[in-house]
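S.K.: Attaching a single structure in structure tokens format; questions to follow.
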Amino acid sequence: MVSINNLTVAFGSFTLLDNINFHISDGDKIGLVGKNGAGKSTIMKIIMGLEKPDSGRVEMPREQTIGYLPQMMEHHRGKSVLDEVKGSCPEAAPGQAEKILHGLGFLPDELSRPTETFSQGWNMRMELAKILLRKPGLLLLDEPTNHLDIESIEWLEDYLKAYRGSILVVSHDRKFLDGVTKRTVEIMLGHLYDYKVPYSQYVELRKERIAQQTAAYENQQKMIAKTEDFIRTFRYKPTKSNQVQSRMKALEKLERIEIDETDNTTLRVKFPPASRTGDIVYKCEKMAAGYPGKQVFSDADIEIKRGEKVAFVGRNGEGKTTMMRVIAGELEPLGGLSKVGHNVNLGYYAQNQEDVLDDSETVWSTVERVAPAEMRTRLRDLLAQFLFRGDDIDKRVKVLSGGERARLGLARMMLQSHNVLALDEPTNHMDIRSKDILKQALKAFDGTMVVVSHDRDFLDGLVDKLYEFRGGRVKEHLGGVQDFLRKLKLETLHDLERSEAPNLSALPGQAPADSPKISFEKLKAKSKEEKKIKNRISFLESEIAKGEKRMKAIESVLAAPKAEDDIIELTREYLEIKRYVDAWTDEWGTLL
């Protein structure tokens, strides 16, 4: 479908991509991985024709349709959400844009709002809606999970699993890659390595490949050394001349084993020891926060104690960043109590590094301008720890990649010793290796940490308490992110009790009818009554069977859709029913 042939991209003496080749076939779901700056985004831009290689070519059929989601995007100011999306595909059927936007989480009254009033995460969803409206045969997604909340990532993961076209995705979320892709293409030091497996399996296979190469290389080197030693010893002995000549020719013809070049440069992060704070680092009671004319949440009770590692989670726009700005002193609450504890020295990493950093500055001047006097002699060492070496320190901020900006923002924050870290999406744009190193450094940090993140893998094992921002309220969850996700399914079931579930007996294409409301709270209160429990189990088994039957019916339609079938709507319905079935199955398991 798309063939990349002998592609080379160089900048002066530096070769970014060195004569690479690979093919994207129909139905391929490929994860494109590598360190920040390895050339992943460049490959996508070349496929789209936005950049040209120094040599090589991209071949594809003329009728090939492509949907491209870049890392950074801009929309026309003053346009509504609906107009922005509909404008990308005027020939689409009426109502399709609204259906897709609804599936991506937009509320009906938000479709008329100007695009500039939404966060980056919601703007990304608009761009994704434009792509899905066009139904391209190939999706190029450059870090689609950046700025998305956990629930949205899981929705996108499910959608892409069911997507019938081809996908090439760049992501630093290993769980997302494992869920979506079946093939992993690695770019390292200009070379390409192709594995026909998802990300986690690729990591293991890559280790095995390097180990096998290393063993074969070492064995060959021993053989070469012995041969060369024989030649040196017997070179001038007539009785051995034939053997010497034979071995010399063998060495000349020998195909030398090489070990694939590996980029072992890594981020080095070690937070300075934290001074002691009071027992309560931050506390708010009955607090409301927001902006002039817009209250984001209210009635919040949050308490963060010394040494705790806490995460703020929830959908975009629910108030996580607003809360961080209150803690950092950048925003005054609209009401209630908000108090920072005794002897707190806060280090704040803002999500919008592109706004915090000055594009006209260099890497060096960015840190030099804020460095205390005692740190100025160590600035080069600090920047080297964050992978800015040699001429890198003279780069302008405006040419830095997203990952480089993230590293520079962290380096800038570490110029002072802090006992409390407030980190708003610190891993956005970071490659997987850098995220792992940052995670280990934060686990070892002996102070207090509050982090906003959508990265399930990053949060897992790092935090021991979460605050969920949802529907204008803030709720405390004790435990880690896996505990929270398990609990979320149960709470989603509680939400279903207050709404109507779909009629699972309907056939594909028919509108779902109403079904009885679930009264889980009443059931729980009378759970000791054996008869009611048995009735509930029977009901759940019946609904699960209907749900699975309905899902199979939809799968049959999606496998061979007709012109009149609404694939987007059927996919949305399939995912919605799956959510019900998963929730009912969880409840069924608790009642047995």
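In the structure tokens, chains take letters A, B, ... by order of appearance, with residues numbered from 1 within each chain and ligands from 1 in the order shown.
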Tell me which protein, DNA and RNA residues are within 12 Å of Ala384 of chain A, counting only C-alpha atoms, leaving out same-chain ones fewer than 2 positions away, and put them as a PyMOL selection string.

M.R.: chain A and resi 265-269+363-364+378-382+386-393+407-408+411

S.K.: Give me a file of those residues, with N, CA and C atoms, as a PDB file, in the first residue's frame.

M.R.:
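Writing done, so here's out-v5.pdb:
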ATOM      1  N   THR A 265      22.785   6.366  25.090  1.00  0.00           N
ATOM      2  CA  THR A 265      22.709   7.624  25.845  1.00  0.00           C
ATOM      3  C   THR A 265      21.385   7.656  26.594  1.00  0.00           C
ATOM      4  N   THR A 266      21.429   7.961  27.860  1.00  0.00           N
ATOM      5  CA  THR A 266      20.211   7.972  28.678  1.00  0.00           C
ATOM      6  C   THR A 266      20.135   9.228  29.529  1.00  0.00           C
ATOM      7  N   LEU A 267      18.915   9.600  29.810  1.00  0.00           N
ATOM      8  CA  LEU A 267      18.650  10.684  30.741  1.00  0.00           C
ATOM      9  C   LEU A 267      19.155  10.292  32.123  1.00  0.00           C
ATOM     10  N   ARG A 268      19.785  11.231  32.815  1.00  0.00           N
ATOM     11  CA  ARG A 268      20.231  10.941  34.182  1.00  0.00           C
ATOM     12  C   ARG A 268      19.565  11.945  35.127  1.00  0.00           C
ATOM     13  N   VAL A 269      18.667  11.439  35.933  1.00  0.00           N
ATOM     14  CA  VAL A 269      17.908  12.303  36.835  1.00  0.00           C
ATOM     15  C   VAL A 269      18.060  11.802  38.263  1.00  0.00           C
ATOM     16  N   VAL A 363      19.134  26.882  24.544  1.00  0.00           N
ATOM     17  CA  VAL A 363      19.097  25.941  25.668  1.00  0.00           C
ATOM     18  C   VAL A 363      19.930  26.495  26.823  1.00  0.00           C
ATOM     19  N   TRP A 364      21.123  26.997  26.482  1.00  0.00           N
ATOM     20  CA  TRP A 364      22.034  27.503  27.521  1.00  0.00           C
ATOM     21  C   TRP A 364      21.446  28.716  28.237  1.00  0.00           C
ATOM     22  N   ARG A 378      28.231  24.604  37.176  1.00  0.00           N
ATOM     23  CA  ARG A 378      27.825  23.208  36.953  1.00  0.00           C
ATOM     24  C   ARG A 378      26.731  23.077  35.891  1.00  0.00           C
ATOM     25  N   LEU A 379      26.438  24.169  35.180  1.00  0.00           N
ATOM     26  CA  LEU A 379      25.333  24.139  34.223  1.00  0.00           C
ATOM     27  C   LEU A 379      25.577  23.154  33.082  1.00  0.00           C
ATOM     28  N   ARG A 380      26.825  23.090  32.580  1.00  0.00           N
ATOM     29  CA  ARG A 380      27.119  22.163  31.490  1.00  0.00           C
ATOM     30  C   ARG A 380      26.886  20.718  31.932  1.00  0.00           C
ATOM     31  N   ASP A 381      27.296  20.399  33.156  1.00  0.00           N
ATOM     32  CA  ASP A 381      27.085  19.045  33.675  1.00  0.00           C
ATOM     33  C   ASP A 381      25.593  18.736  33.804  1.00  0.00           C
ATOM     34  N   LEU A 382      24.835  19.728  34.292  1.00  0.00           N
ATOM     35  CA  LEU A 382      23.395  19.525  34.450  1.00  0.00           C
ATOM     36  C   LEU A 382      22.731  19.292  33.096  1.00  0.00           C
ATOM     37  N   PHE A 386      20.689  15.851  31.055  1.00  0.00           N
ATOM     38  CA  PHE A 386      19.413  15.871  30.341  1.00  0.00           C
ATOM     39  C   PHE A 386      19.626  15.786  28.824  1.00  0.00           C
ATOM     40  N   LEU A 387      20.796  15.232  28.436  1.00  0.00           N
ATOM     41  CA  LEU A 387      21.130  14.886  27.047  1.00  0.00           C
ATOM     42  C   LEU A 387      21.355  16.086  26.145  1.00  0.00           C
ATOM     43  N   PHE A 388      21.685  17.238  26.717  1.00  0.00           N
ATOM     44  CA  PHE A 388      22.086  18.398  25.924  1.00  0.00           C
ATOM     45  C   PHE A 388      23.607  18.503  26.017  1.00  0.00           C
ATOM     46  N   ARG A 389      24.286  18.071  24.927  1.00  0.00           N
ATOM     47  CA  ARG A 389      25.746  18.016  24.933  1.00  0.00           C
ATOM     48  C   ARG A 389      26.310  18.764  23.728  1.00  0.00           C
ATOM     49  N   GLY A 390      27.533  19.262  23.880  1.00  0.00           N
ATOM     50  CA  GLY A 390      28.206  19.912  22.765  1.00  0.00           C
ATOM     51  C   GLY A 390      27.401  21.066  22.202  1.00  0.00           C
ATOM     52  N   ASP A 391      27.187  21.023  20.868  1.00  0.00           N
ATOM     53  CA  ASP A 391      26.472  22.118  20.195  1.00  0.00           C
ATOM     54  C   ASP A 391      24.997  22.185  20.563  1.00  0.00           C
ATOM     55  N   ASP A 392      24.477  21.142  21.228  1.00  0.00           N
ATOM     56  CA  ASP A 392      23.056  21.145  21.613  1.00  0.00           C
ATOM     57  C   ASP A 392      22.701  22.346  22.470  1.00  0.00           C
ATOM     58  N   ILE A 393      23.649  22.799  23.283  1.00  0.00           N
ATOM     59  CA  ILE A 393      23.332  23.881  24.221  1.00  0.00           C
ATOM     60  C   ILE A 393      23.106  25.210  23.500  1.00  0.00           C
ATOM     61  N   ARG A 407      12.570  17.827  28.539  1.00  0.00           N
ATOM     62  CA  ARG A 407      13.819  17.652  29.277  1.00  0.00           C
ATOM     63  C   ARG A 407      14.381  18.986  29.748  1.00  0.00           C
ATOM     64  N   LEU A 408      14.288  20.009  28.889  1.00  0.00           N
ATOM     65  CA  LEU A 408      14.790  21.331  29.259  1.00  0.00           C
ATOM     66  C   LEU A 408      13.978  21.914  30.417  1.00  0.00           C
ATOM     67  N   ALA A 411      15.154  20.216  33.557  1.00  0.00           N
ATOM     68  CA  ALA A 411      16.484  20.711  33.934  1.00  0.00           C
ATOM     69  C   ALA A 411      16.373  22.081  34.603  1.00  0.00           C
TER      70      ALA A 411
END

S.K.: Would you mind listing what lies within 12 Å of Asn146 of chain A as a PDB file with N, CA and C atoms, in the first residue's frame, with only C-alpha atoms counted and same-chain residues fewer than 2 positions away left out?

M.R.:
ATOM      1  N   LEU A  69      -2.417  12.793  11.890  1.00  0.00           N
ATOM      2  CA  LEU A  69      -2.584  13.513  13.147  1.00  0.00           C
ATOM      3  C   LEU A  69      -1.203  13.911  13.650  1.00  0.00           C
ATOM      4  N   PRO A  70      -0.801  15.183  13.490  1.00  0.00           N
ATOM      5  CA  PRO A  70       0.528  15.611  13.948  1.00  0.00           C
ATOM      6  C   PRO A  70       0.550  15.849  15.444  1.00  0.00           C
ATOM      7  N   GLN A  71       1.770  16.045  15.992  1.00  0.00           N
ATOM      8  CA  GLN A  71       1.901  16.339  17.429  1.00  0.00           C
ATOM      9  C   GLN A  71       1.285  17.691  17.761  1.00  0.00           C
ATOM     10  N   MET A  72       1.605  18.678  16.955  1.00  0.00           N
ATOM     11  CA  MET A  72       1.106  20.035  17.173  1.00  0.00           C
ATOM     12  C   MET A  72       0.167  20.406  16.037  1.00  0.00           C
ATOM     13  N   SER A 119      -8.809  23.011  25.348  1.00  0.00           N
ATOM     14  CA  SER A 119      -7.423  22.660  25.630  1.00  0.00           C
ATOM     15  C   SER A 119      -6.821  21.883  24.465  1.00  0.00           C
ATOM     16  N   GLN A 120      -5.498  21.638  24.533  1.00  0.00           N
ATOM     17  CA  GLN A 120      -4.817  20.904  23.466  1.00  0.00           C
ATOM     18  C   GLN A 120      -5.406  19.511  23.280  1.00  0.00           C
ATOM     19  N   GLY A 121      -5.753  18.869  24.409  1.00  0.00           N
ATOM     20  CA  GLY A 121      -6.319  17.527  24.319  1.00  0.00           C
ATOM     21  C   GLY A 121      -7.612  17.500  23.528  1.00  0.00           C
ATOM     22  N   TRP A 122      -8.465  18.486  23.748  1.00  0.00           N
ATOM     23  CA  TRP A 122      -9.740  18.536  23.019  1.00  0.00           C
ATOM     24  C   TRP A 122      -9.528  18.952  21.568  1.00  0.00           C
ATOM     25  N   ASN A 123      -8.527  19.799  21.315  1.00  0.00           N
ATOM     26  CA  ASN A 123      -8.214  20.151  19.932  1.00  0.00           C
ATOM     27  C   ASN A 123      -7.704  18.934  19.168  1.00  0.00           C
ATOM     28  N   MET A 124      -6.953  18.066  19.872  1.00  0.00           N
ATOM     29  CA  MET A 124      -6.500  16.835  19.244  1.00  0.00           C
ATOM     30  C   MET A 124      -7.696  15.970  18.854  1.00  0.00           C
ATOM     31  N   ARG A 125      -8.723  15.925  19.717  1.00  0.00           N
ATOM     32  CA  ARG A 125      -9.918  15.140  19.401  1.00  0.00           C
ATOM     33  C   ARG A 125     -10.648  15.709  18.181  1.00  0.00           C
ATOM     34  N   LEU A 141      -0.612   8.515  13.022  1.00  0.00           N
ATOM     35  CA  LEU A 141      -0.921   9.148  14.307  1.00  0.00           C
ATOM     36  C   LEU A 141       0.367   9.406  15.077  1.00  0.00           C
ATOM     37  N   ASP A 142       0.716  10.678  15.226  1.00  0.00           N
ATOM     38  CA  ASP A 142       1.961  11.055  15.901  1.00  0.00           C
ATOM     39  C   ASP A 142       1.662  11.435  17.338  1.00  0.00           C
ATOM     40  N   GLU A 143       1.917  10.502  18.235  1.00  0.00           N
ATOM     41  CA  GLU A 143       1.669  10.665  19.674  1.00  0.00           C
ATOM     42  C   GLU A 143       0.219  11.076  19.958  1.00  0.00           C
ATOM     43  N   PRO A 144      -0.750  10.247  19.565  1.00  0.00           N
ATOM     44  CA  PRO A 144      -2.160  10.610  19.753  1.00  0.00           C
ATOM     45  C   PRO A 144      -2.604  10.631  21.209  1.00  0.00           C
ATOM     46  N   LEU A 148      -4.342  13.352  26.382  1.00  0.00           N
ATOM     47  CA  LEU A 148      -5.604  12.638  26.582  1.00  0.00           C
ATOM     48  C   LEU A 148      -5.662  12.068  27.988  1.00  0.00           C
ATOM     49  N   ASP A 149      -6.846  12.060  28.586  1.00  0.00           N
ATOM     50  CA  ASP A 149      -7.032  11.443  29.893  1.00  0.00           C
ATOM     51  C   ASP A 149      -7.113   9.928  29.734  1.00  0.00           C
ATOM     52  N   ILE A 150      -7.047   9.207  30.870  1.00  0.00           N
ATOM     53  CA  ILE A 150      -6.986   7.749  30.843  1.00  0.00           C
ATOM     54  C   ILE A 150      -8.206   7.150  30.137  1.00  0.00           C
ATOM     55  N   SER A 152     -10.116   8.481  27.859  1.00  0.00           N
ATOM     56  CA  SER A 152     -10.075   8.761  26.422  1.00  0.00           C
ATOM     57  C   SER A 152      -9.059   7.868  25.716  1.00  0.00           C
ATOM     58  N   ILE A 153      -7.941   7.605  26.383  1.00  0.00           N
ATOM     59  CA  ILE A 153      -6.942   6.702  25.799  1.00  0.00           C
ATOM     60  C   ILE A 153      -7.543   5.318  25.616  1.00  0.00           C
ATOM     61  N   LEU A 156      -9.893   5.401  22.672  1.00  0.00           N
ATOM     62  CA  LEU A 156      -9.159   5.426  21.408  1.00  0.00           C
ATOM     63  C   LEU A 156      -8.527   4.070  21.122  1.00  0.00           C
ATOM     64  N   VAL A 170       3.009   6.617  16.297  1.00  0.00           N
ATOM     65  CA  VAL A 170       4.119   6.929  17.197  1.00  0.00           C
ATOM     66  C   VAL A 170       3.531   7.171  18.569  1.00  0.00           C
ATOM     67  N   SER A 171       4.011   6.447  19.561  1.00  0.00           N
ATOM     68  CA  SER A 171       3.510   6.628  20.926  1.00  0.00           C
ATOM     69  C   SER A 171       4.583   6.205  21.907  1.00  0.00           C
ATOM     70  N   HIS A 172       4.592   6.858  23.054  1.00  0.00           N
ATOM     71  CA  HIS A 172       5.491   6.483  24.142  1.00  0.00           C
ATOM     72  C   HIS A 172       4.723   5.801  25.272  1.00  0.00           C
ATOM     73  N   ASP A 173       3.494   5.374  24.971  1.00  0.00           N
ATOM     74  CA  ASP A 173       2.655   4.651  25.928  1.00  0.00           C
ATOM     75  C   ASP A 173       2.706   3.172  25.560  1.00  0.00           C
ATOM     76  N   PHE A 176      -0.617   1.264  25.439  1.00  0.00           N
ATOM     77  CA  PHE A 176      -1.394   1.645  24.263  1.00  0.00           C
ATOM     78  C   PHE A 176      -0.853   0.925  23.026  1.00  0.00           C
ATOM     79  N   ASN A 316      -9.930  15.541  30.512  1.00  0.00           N
ATOM     80  CA  ASN A 316      -9.435  16.886  30.225  1.00  0.00           C
ATOM     81  C   ASN A 316     -10.527  17.910  30.507  1.00  0.00           C
ATOM     82  N   GLN A 351       2.415  22.047  32.420  1.00  0.00           N
ATOM     83  CA  GLN A 351       2.136  21.211  31.253  1.00  0.00           C
ATOM     84  C   GLN A 351       2.522  21.910  29.959  1.00  0.00           C
ATOM     85  N   ASN A 352       2.241  23.197  29.881  1.00  0.00           N
ATOM     86  CA  ASN A 352       2.429  23.937  28.629  1.00  0.00           C
ATOM     87  C   ASN A 352       3.841  24.509  28.535  1.00  0.00           C
ATOM     88  N   GLY A 402       9.315  18.113  21.019  1.00  0.00           N
ATOM     89  CA  GLY A 402       8.523  18.083  22.251  1.00  0.00           C
ATOM     90  C   GLY A 402       9.282  17.427  23.389  1.00  0.00           C
ATOM     91  N   GLY A 403       9.987  16.320  23.097  1.00  0.00           N
ATOM     92  CA  GLY A 403      10.758  15.633  24.133  1.00  0.00           C
ATOM     93  C   GLY A 403      11.902  16.468  24.660  1.00  0.00           C
ATOM     94  N   GLU A 425       1.759  16.691  33.733  1.00  0.00           N
ATOM     95  CA  GLU A 425       2.048  15.943  32.507  1.00  0.00           C
ATOM     96  C   GLU A 425       3.538  15.985  32.148  1.00  0.00           C
ATOM     97  N   PRO A 426       4.415  15.544  33.062  1.00  0.00           N
ATOM     98  CA  PRO A 426       5.861  15.647  32.790  1.00  0.00           C
ATOM     99  C   PRO A 426       6.347  14.711  31.695  1.00  0.00           C
ATOM    100  N   THR A 427       5.598  13.636  31.392  1.00  0.00           N
ATOM    101  CA  THR A 427       6.088  12.650  30.424  1.00  0.00           C
ATOM    102  C   THR A 427       5.589  12.884  29.009  1.00  0.00           C
ATOM    103  N   ASN A 428       4.767  13.914  28.793  1.00  0.00           N
ATOM    104  CA  ASN A 428       4.322  14.192  27.434  1.00  0.00           C
ATOM    105  C   ASN A 428       5.522  14.388  26.522  1.00  0.00           C
ATOM    106  N   HIS A 429       5.557  13.683  25.417  1.00  0.00           N
ATOM    107  CA  HIS A 429       6.624  13.739  24.406  1.00  0.00           C
ATOM    108  C   HIS A 429       7.897  13.012  24.811  1.00  0.00           C
ATOM    109  N   MET A 430       7.957  12.457  26.019  1.00  0.00           N
ATOM    110  CA  MET A 430       9.166  11.737  26.420  1.00  0.00           C
ATOM    111  C   MET A 430       9.166  10.331  25.846  1.00  0.00           C
ATOM    112  N   ASP A 431      10.357   9.863  25.402  1.00  0.00           N
ATOM    113  CA  ASP A 431      10.438   8.485  24.936  1.00  0.00           C
ATOM    114  C   ASP A 431      10.339   7.530  26.125  1.00  0.00           C
ATOM    115  N   SER A 453      -1.096  13.074  35.321  1.00  0.00           N
ATOM    116  CA  SER A 453      -0.636  12.225  34.217  1.00  0.00           C
ATOM    117  C   SER A 453      -1.778  11.363  33.713  1.00  0.00           C
ATOM    118  N   HIS A 454      -1.734  11.074  32.394  1.00  0.00           N
ATOM    119  CA  HIS A 454      -2.681  10.138  31.803  1.00  0.00           C
ATOM    120  C   HIS A 454      -2.008   8.809  31.516  1.00  0.00           C
ATOM    121  N   ASP A 455      -0.732   8.700  31.863  1.00  0.00           N
ATOM    122  CA  ASP A 455       0.064   7.522  31.502  1.00  0.00           C
ATOM    123  C   ASP A 455      -0.082   6.441  32.567  1.00  0.00           C
TER     124      ASP A 455
END

S.K.: Run DSSP on the backbone and give me the residues of segment 254-368 of chain A it puts in strand (DSSP E), as a VMD selection string.

M.R.: chain A and resid 280 to 291 294 to 305 309 to 314 335 to 340 346 to 349

S.K.: With N, CA and C atoms kept, could you save the residues just selected as a compact mmCIF listing (two decimals), in the first residue's frame?

M.R.:
# COMPACT_ATOMS: atom_id res chain seq x y z
N ILE A 280 1.54 18.31 57.13
CA ILE A 280 0.58 18.58 56.06
C ILE A 280 1.25 19.52 55.06
N VAL A 281 1.43 19.02 53.84
CA VAL A 281 2.08 19.80 52.80
C VAL A 281 1.09 20.74 52.11
N TYR A 282 -0.12 20.25 51.87
CA TYR A 282 -1.16 21.08 51.27
C TYR A 282 -2.52 20.58 51.73
N LYS A 283 -3.43 21.54 51.95
CA LYS A 283 -4.78 21.17 52.35
C LYS A 283 -5.78 22.18 51.82
N CYS A 284 -6.90 21.66 51.30
CA CYS A 284 -8.01 22.55 50.96
C CYS A 284 -9.31 21.93 51.47
N GLU A 285 -10.26 22.80 51.83
CA GLU A 285 -11.55 22.36 52.33
C GLU A 285 -12.66 23.16 51.66
N LYS A 286 -13.64 22.43 51.13
CA LYS A 286 -14.80 23.06 50.49
C LYS A 286 -14.38 24.12 49.48
N MET A 287 -13.31 23.84 48.77
CA MET A 287 -12.73 24.83 47.86
C MET A 287 -13.36 24.77 46.48
N ALA A 288 -13.59 25.94 45.92
CA ALA A 288 -14.02 26.07 44.52
C ALA A 288 -12.91 26.76 43.75
N ALA A 289 -12.73 26.35 42.50
CA ALA A 289 -11.67 26.96 41.69
C ALA A 289 -12.13 27.07 40.26
N GLY A 290 -11.52 28.01 39.55
CA GLY A 290 -11.85 28.23 38.15
C GLY A 290 -11.33 29.57 37.70
N TYR A 291 -12.04 30.17 36.76
CA TYR A 291 -11.59 31.41 36.14
C TYR A 291 -12.78 32.37 36.07
N LYS A 294 -16.24 31.28 34.95
CA LYS A 294 -16.31 29.82 34.78
C LYS A 294 -15.74 29.11 36.00
N GLN A 295 -16.61 28.49 36.78
CA GLN A 295 -16.18 27.65 37.89
C GLN A 295 -15.94 26.23 37.37
N VAL A 296 -14.74 25.69 37.60
CA VAL A 296 -14.38 24.38 37.07
C VAL A 296 -14.80 23.27 38.02
N PHE A 297 -14.56 23.46 39.31
CA PHE A 297 -15.02 22.48 40.30
C PHE A 297 -15.27 23.19 41.62
N SER A 298 -15.96 22.50 42.51
CA SER A 298 -16.29 23.11 43.81
C SER A 298 -16.31 22.03 44.89
N ASP A 299 -16.35 22.50 46.14
CA ASP A 299 -16.53 21.60 47.28
C ASP A 299 -15.40 20.57 47.39
N ALA A 300 -14.18 20.96 46.99
CA ALA A 300 -13.05 20.02 46.99
C ALA A 300 -12.40 19.94 48.37
N ASP A 301 -12.18 18.71 48.84
CA ASP A 301 -11.42 18.45 50.06
C ASP A 301 -10.20 17.61 49.70
N ILE A 302 -9.02 18.19 49.81
CA ILE A 302 -7.78 17.51 49.46
C ILE A 302 -6.78 17.70 50.58
N GLU A 303 -6.12 16.61 50.96
CA GLU A 303 -5.06 16.69 51.98
C GLU A 303 -3.87 15.87 51.50
N ILE A 304 -2.71 16.53 51.37
CA ILE A 304 -1.48 15.87 50.94
C ILE A 304 -0.47 15.96 52.07
N LYS A 305 -0.02 14.79 52.54
CA LYS A 305 0.91 14.73 53.66
C LYS A 305 2.35 14.57 53.20
N LYS A 309 3.06 10.34 47.56
CA LYS A 309 3.13 10.46 46.10
C LYS A 309 1.68 10.37 45.60
N VAL A 310 1.18 11.48 45.08
CA VAL A 310 -0.24 11.63 44.77
C VAL A 310 -0.43 11.95 43.30
N ALA A 311 -1.48 11.40 42.69
CA ALA A 311 -1.81 11.69 41.29
C ALA A 311 -3.17 12.36 41.20
N PHE A 312 -3.30 13.33 40.31
CA PHE A 312 -4.58 13.91 39.93
C PHE A 312 -4.96 13.30 38.58
N VAL A 313 -6.12 12.66 38.50
CA VAL A 313 -6.55 12.01 37.27
C VAL A 313 -7.96 12.46 36.93
N GLY A 314 -8.36 12.23 35.68
CA GLY A 314 -9.70 12.60 35.24
C GLY A 314 -9.67 13.11 33.81
N GLY A 335 -13.34 30.15 46.23
CA GLY A 335 -13.98 30.07 47.53
C GLY A 335 -13.42 28.92 48.34
N GLY A 336 -13.69 28.91 49.64
CA GLY A 336 -13.22 27.83 50.49
C GLY A 336 -11.80 28.07 50.98
N LEU A 337 -11.26 27.06 51.68
CA LEU A 337 -9.93 27.15 52.28
C LEU A 337 -8.90 26.49 51.38
N SER A 338 -7.75 27.14 51.22
CA SER A 338 -6.61 26.57 50.49
C SER A 338 -5.34 27.01 51.21
N LYS A 339 -4.55 26.01 51.66
CA LYS A 339 -3.38 26.38 52.46
C LYS A 339 -2.18 25.48 52.16
N VAL A 340 -1.04 26.10 51.88
CA VAL A 340 0.22 25.38 51.70
C VAL A 340 0.88 25.24 53.07
N LEU A 346 8.29 24.60 46.78
CA LEU A 346 7.63 23.90 45.68
C LEU A 346 8.37 24.06 44.36
N GLY A 347 8.57 22.93 43.67
CA GLY A 347 9.06 22.95 42.30
C GLY A 347 7.92 22.61 41.37
N TYR A 348 7.56 23.52 40.46
CA TYR A 348 6.37 23.36 39.61
C TYR A 348 6.78 23.19 38.16
N TYR A 349 6.36 22.06 37.58
CA TYR A 349 6.58 21.80 36.15
C TYR A 349 5.23 21.93 35.46

S.K.: Which one of A:Leu357, A:Phe11, A:Ala373, A:Lys475 sits closest to Leu400 of chain A if you count only C-alpha atoms?

M.R.: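 Among A:Leu357, A:Phe11, A:Ala373, A:Lys475, it is A:Leu357 that comes nearest to Leu400 of chain A.
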
S.K.: Please provide as a PyMOL selection string all residues within 8 Å of segment 38-48 of chain A, with the sequence filter that same-chain residues fewer than 3 positions apart are discarded (counting only C-alpha atoms).

M.R.: chain A and resi 16-17+32-35+51-53+58+66+68+140+142+170+187-190
